[in-house]
Amino acid sequence: MVPEGGRGSKVVELPVQCYTHPRMTRYYFIDTMGCQMNERDSETVAGIVEQLGYRPTDDRDQADFIALNTCAVRAKPQHKLFSKLGELRRIKEQRPHTIIAVLGCVAQVAAQEIAQRAPYVDIIIGPRNYSHLTRAITAAQARADNNPVIVTDTAEVIPEELPAARIAPISSYVNVTYGCNNFCAYCIVPYARGRQQSRAPEQIVSEVEQAVATGRQEVTLLGQNVNSYGEDLPAGCDFADLLTELNRVAGLKRIRFTTSHPKDLSLKLLDAMAELPKVCEHLHLPIQSGDDQVLERMGRGYTYEHYRRLIEAARERMPQVSITADVMVGFPGETEAQFGNTLRAFREIRFDQAFMFKYSDRPGTRAAQMESKVPEKVKQQRLEQLIACQNEIGHQINKELVGATLEVLVEGRDAKSPEKVRGRTGTNKIVIFPGGSDLQGQIVEVKAKQAFLWGFLGEAVGEAWDQSIGSNAY
Ligand code: SAH
Ligand code: SF4
Ligand code: F3S
């Protein structure tokens, strides 16, 4: 159901109404699962409910509006939603006025299941429909039956004028595209987030300027496939052109982006990364498999050789570039020899870091219909083997950097040891070193003392410095 007013109509901001205690402060709590897109979307949702007068709380039991922003990419995170919903039943029984909203990718692909299994959920909204949230809340406050307000329209064009309550003080996520057109055989994302919609470059530049104006030093540009940015825009602006524009934003120190797709990654983009001083030398380029037949059945649109050449081209232009990837083991029909090709690819390429997954059936995708599913036990063994291989390589790469001076943008105090601060290199490695919170937002030269899989413990080598970064910084 689309709440009253229908799709595309203007969102009317209503003051928050508490029927029982009209003058009491109302609180919201958002639990975000999944990827950076969901994190960015949760900021939009927070912005919307703050406009309605809600205030944030860390205490879920105190909240009057509880949102679960969900992920459907594998079966496990989807199950997590249902166990969390079970916990919310008690809250709804004790505080019946609490509005419970399920947002994000599971809301989109499993709305009816959520409504059936958790009838106390008030609102179910897919990731393209947050412009309807205000009216959905109003409708939910008035609802007298067991039917939640459901808004799941993946064809919707996401409007520009939604607010956002930003969380991270130093870095901001900025969407460049929504949705995905690729329909890789295993993937639920195009069903959850709809077709690709590129934002106009002026809107992106304006959001980045706004981020800088409110104290952010770094932006991470988000898209399922940033390399196809602009294909759906009338004027010719590709992702490399967009980076060139953003590199001009005064006061911005670093530009990151994710995710790149090997079938669309251009040499023009690699040149732009190498030439533009603010663009970080980190490439997240999911490989998914090192075997051509598996890649073909996944519908990825590249071969391993193509992938390897892209990495070579990146390293030729940026000797210090860090390369990270996503990969999956146990895709339907994957043989031991095909898995062996993935292992070999990992040894050849030597990723700085990899996000490694067991293939998980997603209802409605092509891969879910495929035969020769790999048994769970075999998937687990392959995953463990790949993790062991990657851990050794990743740790070794970091060990080779011990003694080097790293340029670290300080994000804030380290949660575990408050006398230390924590930040990241341009190559996206975490560095923790002694320092005070006055360093937050500064780029500091830090000597790497000890290497771990996750990054480094280090020590500042000089005064904090704050100039623009040289293109060879790492
Ligand atoms: N747009 C990005 C990936 C988004 S999903 C890209 O094209 O690479 C993030 C990662 O989850 C994917 O790269 C893939 O490795 C993993 N993934 C997606 N669907 C999966 C599935 N059905 N089972 C296991 N892993 C999956
Ligand atoms: Fe999924 Fe493929 Fe799109 Fe990435 S490119 S979101 S893996 S369909
Ligand atoms: Fe992200 Fe999960 Fe959706 S990875 S796009 S939140 S399915």
# chains A, B, ... in the order shown; residues from 1 in each chain; ligands from 1
>>> residues_near_ligand(ligand="ligand 2", cutoff="9 Å", atoms="only C-alpha atoms and all ligand atoms", output="MDAnalysis selection string")
chainID A and resid 73 179:191 193 223:225 259:261 286 288 298:300
>>> select_by_dssp(residues="region 27-201 of chain A", states="helix (DSSP H, G or I)", output="JSON, numbers by chain")
{"A": [36, 37, 38, 39, 40, 41, 42, 43, 44, 45, 46, 47, 48, 49, 50, 51, 60, 61, 62, 75, 76, 77, 78, 79, 80, 81, 82, 83, 84, 85, 86, 87, 88, 89, 90, 91, 92, 93, 94, 104, 105, 106, 107, 108, 109, 111, 112, 113, 114, 115, 116, 117, 130, 131, 132, 133, 134, 135, 136, 137, 138, 139, 140, 141, 142, 189, 190, 191, 192, 193, 201]}
>>> residues_around(residues="Glu312 (chain A)", least_positions_apart="5", cutoff="12 Å", atoms="only C-alpha atoms", output="PyMOL selection string")
chain A and resi 267+270+305-307+317-319+321+323+348-350
>>> write_last_selection(atoms="all heavy atoms", output="tab-separated table (two decimals), in the first residue's frame")
chain	number	residue	atom	x	y	z
A	267	LEU	N	40.44	2.87	-18.25
A	267	LEU	CA	41.79	3.40	-18.02
A	267	LEU	C	41.70	4.89	-17.71
A	267	LEU	O	42.50	5.43	-16.95
A	267	LEU	CB	42.67	3.15	-19.24
A	267	LEU	CG	42.91	1.65	-19.54
A	267	LEU	CD1	43.83	1.50	-20.75
A	267	LEU	CD2	43.48	0.91	-18.34
A	270	LEU	N	41.38	5.13	-14.07
A	270	LEU	CA	42.65	4.88	-13.38
A	270	LEU	C	43.58	6.08	-13.54
A	270	LEU	O	44.29	6.46	-12.59
A	270	LEU	CB	43.31	3.61	-13.94
A	270	LEU	CG	42.56	2.30	-13.66
A	270	LEU	CD1	43.29	1.12	-14.30
A	270	LEU	CD2	42.39	2.06	-12.16
A	305	GLU	N	41.61	-12.87	-16.89
A	305	GLU	CA	42.70	-12.17	-17.56
A	305	GLU	C	42.41	-10.66	-17.64
A	305	GLU	O	43.30	-9.83	-17.39
A	305	GLU	CB	42.88	-12.77	-18.97
A	305	GLU	CG	44.04	-12.21	-19.77
A	305	GLU	CD	45.39	-12.32	-19.06
A	305	GLU	OE1	45.53	-13.15	-18.12
A	305	GLU	OE2	46.31	-11.56	-19.44
A	306	HIS	N	41.18	-10.32	-17.96
A	306	HIS	CA	40.79	-8.91	-18.02
A	306	HIS	C	40.99	-8.26	-16.64
A	306	HIS	O	41.56	-7.17	-16.52
A	306	HIS	CB	39.32	-8.80	-18.47
A	306	HIS	CG	38.80	-7.39	-18.48
A	306	HIS	ND1	39.08	-6.51	-19.49
A	306	HIS	CD2	38.03	-6.71	-17.59
A	306	HIS	CE1	38.50	-5.34	-19.23
A	306	HIS	NE2	37.86	-5.44	-18.09
A	307	TYR	N	40.54	-8.97	-15.63
A	307	TYR	CA	40.67	-8.45	-14.26
A	307	TYR	C	42.14	-8.21	-13.91
A	307	TYR	O	42.53	-7.17	-13.39
A	307	TYR	CB	40.04	-9.46	-13.27
A	307	TYR	CG	40.01	-8.95	-11.85
A	307	TYR	CD1	38.89	-8.29	-11.36
A	307	TYR	CD2	41.11	-9.10	-11.01
A	307	TYR	CE1	38.87	-7.80	-10.06
A	307	TYR	CE2	41.10	-8.61	-9.72
A	307	TYR	CZ	39.98	-7.96	-9.25
A	307	TYR	OH	39.96	-7.46	-7.96
A	317	ARG	N	50.17	2.76	-12.84
A	317	ARG	CA	49.92	4.19	-12.63
A	317	ARG	C	50.11	4.61	-11.18
A	317	ARG	O	50.43	5.77	-10.92
A	317	ARG	CB	48.48	4.53	-13.05
A	317	ARG	CG	48.29	4.54	-14.56
A	317	ARG	CD	46.82	4.42	-14.91
A	317	ARG	NE	46.62	4.45	-16.35
A	317	ARG	CZ	46.87	3.42	-17.17
A	317	ARG	NH1	47.32	2.27	-16.68
A	317	ARG	NH2	46.66	3.54	-18.47
A	318	MET	N	49.84	3.69	-10.25
A	318	MET	CA	49.89	4.03	-8.82
A	318	MET	C	50.60	2.90	-8.06
A	318	MET	O	49.94	1.99	-7.55
A	318	MET	CB	48.46	4.18	-8.27
A	318	MET	CG	47.65	5.26	-8.91
A	318	MET	SD	45.88	5.15	-8.47
A	318	MET	CE	45.30	3.91	-9.61
A	319	PRO	N	51.92	2.97	-8.01
A	319	PRO	CA	52.65	1.85	-7.40
A	319	PRO	C	52.20	1.52	-5.96
A	319	PRO	O	52.32	0.40	-5.53
A	319	PRO	CB	54.11	2.32	-7.43
A	319	PRO	CG	54.15	3.37	-8.49
A	319	PRO	CD	52.80	4.01	-8.53
A	321	VAL	N	49.10	1.80	-4.80
A	321	VAL	CA	47.65	1.60	-4.70
A	321	VAL	C	47.33	0.36	-3.86
A	321	VAL	O	48.06	-0.64	-3.90
A	321	VAL	CB	47.02	1.47	-6.11
A	321	VAL	CG1	47.41	0.17	-6.80
A	321	VAL	CG2	45.50	1.60	-6.06
A	323	ILE	N	44.62	-2.63	-3.20
A	323	ILE	CA	43.55	-3.28	-3.95
A	323	ILE	C	42.79	-4.18	-2.99
A	323	ILE	O	43.38	-5.02	-2.32
A	323	ILE	CB	44.12	-4.17	-5.09
A	323	ILE	CG1	45.14	-3.40	-5.94
A	323	ILE	CG2	43.00	-4.78	-5.91
A	323	ILE	CD1	44.58	-2.57	-7.06
A	348	GLU	N	48.27	-14.68	-7.06
A	348	GLU	CA	48.88	-13.85	-8.11
A	348	GLU	C	48.67	-12.36	-7.85
A	348	GLU	O	49.57	-11.56	-7.97
A	348	GLU	CB	48.24	-14.19	-9.46
A	348	GLU	CG	48.95	-15.32	-10.16
A	348	GLU	CD	48.23	-15.73	-11.46
A	348	GLU	OE1	47.31	-15.02	-11.90
A	348	GLU	OE2	48.62	-16.76	-12.01
A	349	ILE	N	47.47	-12.02	-7.48
A	349	ILE	CA	47.14	-10.59	-7.38
A	349	ILE	C	47.61	-9.99	-6.06
A	349	ILE	O	48.09	-8.88	-6.02
A	349	ILE	CB	45.63	-10.37	-7.58
A	349	ILE	CG1	45.32	-10.64	-9.06
A	349	ILE	CG2	45.21	-8.95	-7.21
A	349	ILE	CD1	43.88	-10.70	-9.40
A	350	ARG	N	47.53	-10.74	-5.00
A	350	ARG	CA	47.92	-10.26	-3.67
A	350	ARG	C	47.08	-9.03	-3.27
A	350	ARG	O	47.54	-7.89	-3.32
A	350	ARG	CB	49.42	-9.95	-3.61
A	350	ARG	CG	50.29	-11.18	-3.83
A	350	ARG	CD	51.76	-10.87	-3.82
A	350	ARG	NE	52.24	-10.34	-2.53
A	350	ARG	CZ	52.47	-11.05	-1.44
A	350	ARG	NH1	52.27	-12.36	-1.45
A	350	ARG	NH2	52.89	-10.46	-0.35
>>> residues_near_ligand(ligand="ligand 3", cutoff="10 Å", atoms="only C-alpha atoms and all ligand atoms", output="VMD selection string")
chain A and resid 32 to 39 41 69 to 74 77 to 78 103 to 109 126 to 127 178 to 180 187 to 193 223 to 224
>>> write_last_selection(atoms="N, CA and C atoms", output="short mmCIF file (atom, residue, chain, number, x, y, z; two decimals), in the first residue's frame")
data_model
loop_
_atom_site.label_atom_id
_atom_site.label_comp_id
_atom_site.auth_asym_id
_atom_site.auth_seq_id
_atom_site.Cartn_x
_atom_site.Cartn_y
_atom_site.Cartn_z
N THR A 32 21.16 -0.18 11.97
CA THR A 32 21.51 -0.29 10.56
C THR A 32 22.35 -1.54 10.30
N MET A 33 21.85 -2.40 9.44
CA MET A 33 22.62 -3.58 9.01
C MET A 33 23.05 -3.35 7.56
N GLY A 34 23.92 -4.23 7.04
CA GLY A 34 24.23 -4.16 5.61
C GLY A 34 25.35 -3.19 5.27
N CYS A 35 25.27 -2.63 4.07
CA CYS A 35 26.41 -1.92 3.50
C CYS A 35 26.34 -0.41 3.74
N GLN A 36 27.31 0.29 3.16
CA GLN A 36 27.39 1.75 3.33
C GLN A 36 26.16 2.46 2.78
N MET A 37 25.52 1.86 1.78
CA MET A 37 24.30 2.48 1.24
C MET A 37 23.25 2.57 2.33
N ASN A 38 23.14 1.49 3.10
CA ASN A 38 22.16 1.53 4.20
C ASN A 38 22.58 2.55 5.25
N GLU A 39 23.88 2.65 5.49
CA GLU A 39 24.32 3.64 6.49
C GLU A 39 23.94 5.04 6.02
N ASP A 41 21.52 5.76 3.91
CA ASP A 41 20.06 5.87 3.94
C ASP A 41 19.56 6.13 5.37
N ASN A 69 17.07 -1.05 9.62
CA ASN A 69 17.43 -0.88 8.21
C ASN A 69 18.17 -2.14 7.78
N THR A 70 17.59 -2.90 6.89
CA THR A 70 17.94 -4.31 6.73
C THR A 70 18.73 -4.61 5.46
N CYS A 71 19.38 -5.79 5.48
CA CYS A 71 20.19 -6.24 4.34
C CYS A 71 19.72 -7.63 3.91
N ALA A 72 19.60 -7.82 2.60
CA ALA A 72 19.11 -9.09 2.07
C ALA A 72 20.15 -9.82 1.24
N VAL A 73 21.40 -9.37 1.29
CA VAL A 73 22.37 -9.85 0.32
C VAL A 73 22.69 -11.34 0.46
N ARG A 74 22.63 -11.83 1.70
CA ARG A 74 22.78 -13.27 1.93
C ARG A 74 21.69 -13.70 2.91
N PRO A 77 22.11 -12.33 7.01
CA PRO A 77 21.61 -11.04 7.49
C PRO A 77 20.09 -10.94 7.43
N GLN A 78 19.49 -11.66 6.47
CA GLN A 78 18.02 -11.62 6.41
C GLN A 78 17.42 -12.32 7.63
N LEU A 103 12.99 -1.10 7.29
CA LEU A 103 13.43 -0.37 6.11
C LEU A 103 14.43 -1.23 5.33
N GLY A 104 14.82 -0.76 4.17
CA GLY A 104 15.96 -1.36 3.48
C GLY A 104 15.60 -2.54 2.60
N CYS A 105 16.61 -3.35 2.33
CA CYS A 105 16.50 -4.33 1.25
C CYS A 105 15.58 -5.49 1.59
N VAL A 106 15.53 -5.94 2.85
CA VAL A 106 14.59 -7.02 3.18
C VAL A 106 13.16 -6.49 3.14
N ALA A 107 12.99 -5.24 3.57
CA ALA A 107 11.65 -4.63 3.50
C ALA A 107 11.15 -4.70 2.06
N GLN A 108 12.06 -4.43 1.11
CA GLN A 108 11.66 -4.43 -0.29
C GLN A 108 11.32 -5.82 -0.79
N VAL A 109 12.18 -6.80 -0.48
CA VAL A 109 12.00 -8.11 -1.12
C VAL A 109 11.15 -9.08 -0.31
N GLY A 126 10.72 0.24 1.39
CA GLY A 126 11.89 -0.13 0.60
C GLY A 126 12.85 1.03 0.43
N PRO A 127 14.08 0.73 -0.02
CA PRO A 127 15.14 1.75 -0.02
C PRO A 127 14.94 2.91 -0.99
N TYR A 178 22.00 5.29 -7.49
CA TYR A 178 21.13 4.37 -6.74
C TYR A 178 20.86 3.18 -7.65
N GLY A 179 20.64 2.01 -7.07
CA GLY A 179 20.22 0.85 -7.85
C GLY A 179 21.32 0.25 -8.70
N CYS A 180 20.94 -0.75 -9.48
CA CYS A 180 21.92 -1.47 -10.29
C CYS A 180 21.22 -2.13 -11.47
N CYS A 187 22.65 -12.24 -7.36
CA CYS A 187 22.52 -11.03 -6.53
C CYS A 187 21.09 -10.51 -6.41
N ILE A 188 20.73 -10.16 -5.19
CA ILE A 188 19.39 -9.66 -4.90
C ILE A 188 19.29 -8.14 -5.06
N VAL A 189 20.46 -7.48 -5.11
CA VAL A 189 20.46 -6.01 -5.03
C VAL A 189 19.59 -5.33 -6.09
N PRO A 190 19.66 -5.74 -7.37
CA PRO A 190 18.79 -5.05 -8.35
C PRO A 190 17.29 -5.20 -8.03
N TYR A 191 16.92 -6.30 -7.35
CA TYR A 191 15.51 -6.48 -6.98
C TYR A 191 15.17 -5.61 -5.77
N ALA A 192 16.17 -5.38 -4.94
CA ALA A 192 15.93 -4.61 -3.72
C ALA A 192 16.02 -3.11 -3.96
N ARG A 193 16.88 -2.72 -4.90
CA ARG A 193 17.15 -1.28 -5.06
C ARG A 193 16.78 -0.73 -6.42
N GLY A 223 28.05 3.82 -4.92
CA GLY A 223 27.21 3.31 -5.99
C GLY A 223 27.47 1.81 -6.09
N GLN A 224 26.50 1.04 -6.55
CA GLN A 224 26.74 -0.40 -6.72
C GLN A 224 27.78 -0.63 -7.79
#
>>> select_by_dssp(residues="region 171-259 of chain A", states="strand (DSSP E)", output="ChimeraX atom specification")
/A:171-175,177-178,197-198,218-222,254-258
>>> write_last_selection(atoms="N, CA, C and O atoms", output="tab-separated table (two decimals), in the first residue's frame")
chain	number	residue	atom	x	y	z
A	171	SER	N	34.01	12.16	7.94
A	171	SER	CA	33.82	11.59	6.62
A	171	SER	C	32.33	11.48	6.32
A	171	SER	O	31.55	11.18	7.22
A	172	SER	N	31.95	11.74	5.08
A	172	SER	CA	30.54	11.61	4.72
A	172	SER	C	30.37	10.66	3.55
A	172	SER	O	31.18	10.68	2.62
A	173	TYR	N	29.31	9.88	3.59
A	173	TYR	CA	28.94	9.09	2.43
A	173	TYR	C	28.09	9.95	1.51
A	173	TYR	O	27.19	10.67	1.98
A	174	VAL	N	28.37	9.86	0.23
A	174	VAL	CA	27.58	10.62	-0.76
A	174	VAL	C	27.19	9.67	-1.89
A	174	VAL	O	28.07	9.08	-2.54
A	175	ASN	N	25.91	9.51	-2.11
A	175	ASN	CA	25.48	8.62	-3.21
A	175	ASN	C	25.79	9.26	-4.55
A	175	ASN	O	25.53	10.45	-4.74
A	177	THR	N	25.16	6.97	-7.46
A	177	THR	CA	24.08	6.26	-8.17
A	177	THR	C	23.24	5.50	-7.14
A	177	THR	O	23.74	5.12	-6.09
A	178	TYR	N	22.00	5.29	-7.49
A	178	TYR	CA	21.13	4.37	-6.74
A	178	TYR	C	20.86	3.18	-7.65
A	178	TYR	O	20.78	3.33	-8.88
A	197	GLN	N	20.00	4.79	-11.11
A	197	GLN	CA	19.64	6.21	-11.24
A	197	GLN	C	20.87	7.01	-10.84
A	197	GLN	O	21.28	6.98	-9.68
A	198	SER	N	21.48	7.70	-11.81
A	198	SER	CA	22.65	8.54	-11.48
A	198	SER	C	22.15	9.90	-11.02
A	198	SER	O	21.23	10.47	-11.62
A	218	GLU	N	36.51	14.37	4.29
A	218	GLU	CA	36.60	13.24	3.35
A	218	GLU	C	35.19	12.85	2.91
A	218	GLU	O	34.25	12.91	3.71
A	219	VAL	N	35.06	12.47	1.65
A	219	VAL	CA	33.78	11.89	1.22
A	219	VAL	C	34.04	10.52	0.61
A	219	VAL	O	35.10	10.29	0.00
A	220	THR	N	33.09	9.63	0.79
A	220	THR	CA	33.12	8.34	0.11
A	220	THR	C	31.92	8.31	-0.82
A	220	THR	O	30.77	8.39	-0.37
A	221	LEU	N	32.21	8.23	-2.11
A	221	LEU	CA	31.14	8.21	-3.11
A	221	LEU	C	30.61	6.79	-3.23
A	221	LEU	O	31.39	5.84	-3.34
A	222	LEU	N	29.30	6.67	-3.21
A	222	LEU	CA	28.69	5.34	-3.17
A	222	LEU	C	27.88	5.03	-4.42
A	222	LEU	O	27.09	5.86	-4.89
A	254	ARG	N	40.01	14.41	1.03
A	254	ARG	CA	40.10	13.07	0.44
A	254	ARG	C	38.79	12.66	-0.23
A	254	ARG	O	37.71	12.93	0.31
A	255	ILE	N	38.94	11.96	-1.34
A	255	ILE	CA	37.77	11.40	-2.03
A	255	ILE	C	37.98	9.89	-2.16
A	255	ILE	O	39.00	9.44	-2.69
A	256	ARG	N	37.04	9.15	-1.64
A	256	ARG	CA	37.05	7.69	-1.81
A	256	ARG	C	35.82	7.30	-2.60
A	256	ARG	O	34.85	8.07	-2.68
A	257	PHE	N	35.80	6.09	-3.12
A	257	PHE	CA	34.60	5.63	-3.80
A	257	PHE	C	34.51	4.11	-3.75
A	257	PHE	O	35.51	3.42	-3.64
A	258	THR	N	33.30	3.63	-3.83
A	258	THR	CA	33.04	2.19	-3.87
A	258	THR	C	31.61	2.00	-4.39
A	258	THR	O	30.76	2.84	-4.10
>>> closest_residue(among="A:Lys263, A:Lys358, A:Arg382, A:Arg216", to="ligand 1", atoms="only C-alpha atoms and all ligand atoms")
A:Lys358
>>> residues_around(residues="Ile432 (chain A)", least_positions_apart="6", cutoff="8 Å", atoms="only C-alpha atoms", output="list in words")
Asp414, Lys420, Val421, Arg422, Gly423, Phe456, Leu457 and Gly458 of chain A
>>> closest_residue(among="A:Asn247, A:Pro169, A:Leu383, A:Phe339", to="Gly412 (chain A)", atoms="only C-alpha atoms")
A:Pro169
>>> residues_around(residues="region 63-67 of chain A", least_positions_apart="5", cutoff="9 Å", atoms="only C-alpha atoms", output="JSON, numbers by chain")
{"A": [26, 27, 28, 29, 30, 31, 32, 42, 45, 49, 54, 56, 57, 58, 88, 95, 97, 98, 99, 100, 101, 102, 103, 123]}
>>> closest_residue(among="A:Gln116, A:Asn146, A:Ser228, A:Ser417", to="ligand 1", atoms="only C-alpha atoms and all ligand atoms")
A:Ser228
>>> closest_residue(among="A:Glu93, A:Glu209, A:Glu445, A:Asp326", to="ligand 1", atoms="only C-alpha atoms and all ligand atoms")
A:Asp326
>>> closest_atom_pairs(of="region 253-344 of chain A", to="region 364-376 of chain A", cutoff="8 Å", atoms="only C-alpha atoms", output="tab-separated table")
residue	atom	partner	partner_atom	distance
A:Met298	CA	A:Ala367	CA	7.6
A:Gly330	CA	A:Val374	CA	5.5
A:Phe331	CA	A:Val374	CA	7.0
A:Pro332	CA	A:Lys373	CA	4.5
A:Gly333	CA	A:Ser372	CA	4.9
A:Glu334	CA	A:Val374	CA	7.0
>>> write_last_selection(atoms="N, CA, C and O atoms", output="compact mmCIF listing (two decimals), in the first residue's frame")
# COMPACT_ATOMS: atom_id res chain seq x y z
N MET A 298 28.11 -16.54 -13.57
CA MET A 298 27.66 -15.45 -12.67
C MET A 298 27.12 -14.26 -13.48
O MET A 298 26.48 -13.37 -12.91
N GLY A 330 31.89 -21.38 -3.67
CA GLY A 330 30.76 -22.30 -3.68
C GLY A 330 29.59 -21.83 -4.50
O GLY A 330 28.44 -22.21 -4.24
N PHE A 331 29.85 -21.02 -5.54
CA PHE A 331 28.78 -20.69 -6.49
C PHE A 331 28.29 -22.00 -7.09
O PHE A 331 29.07 -22.94 -7.26
N PRO A 332 26.99 -22.12 -7.42
CA PRO A 332 26.48 -23.40 -7.92
C PRO A 332 27.36 -23.97 -9.03
O PRO A 332 27.70 -23.27 -9.97
N GLY A 333 27.72 -25.24 -8.88
CA GLY A 333 28.52 -25.92 -9.89
C GLY A 333 30.02 -25.68 -9.77
O GLY A 333 30.79 -26.26 -10.53
N GLU A 334 30.45 -24.87 -8.81
CA GLU A 334 31.90 -24.60 -8.69
C GLU A 334 32.64 -25.89 -8.31
O GLU A 334 32.37 -26.49 -7.27
>>> residues_around(residues="Pro148 (chain A)", least_positions_apart="3", cutoff="9 Å", atoms="only C-alpha atoms", output="JSON, numbers by chain")
{"A": [1, 115, 119, 120, 121, 122, 123, 124, 140, 143, 145]}
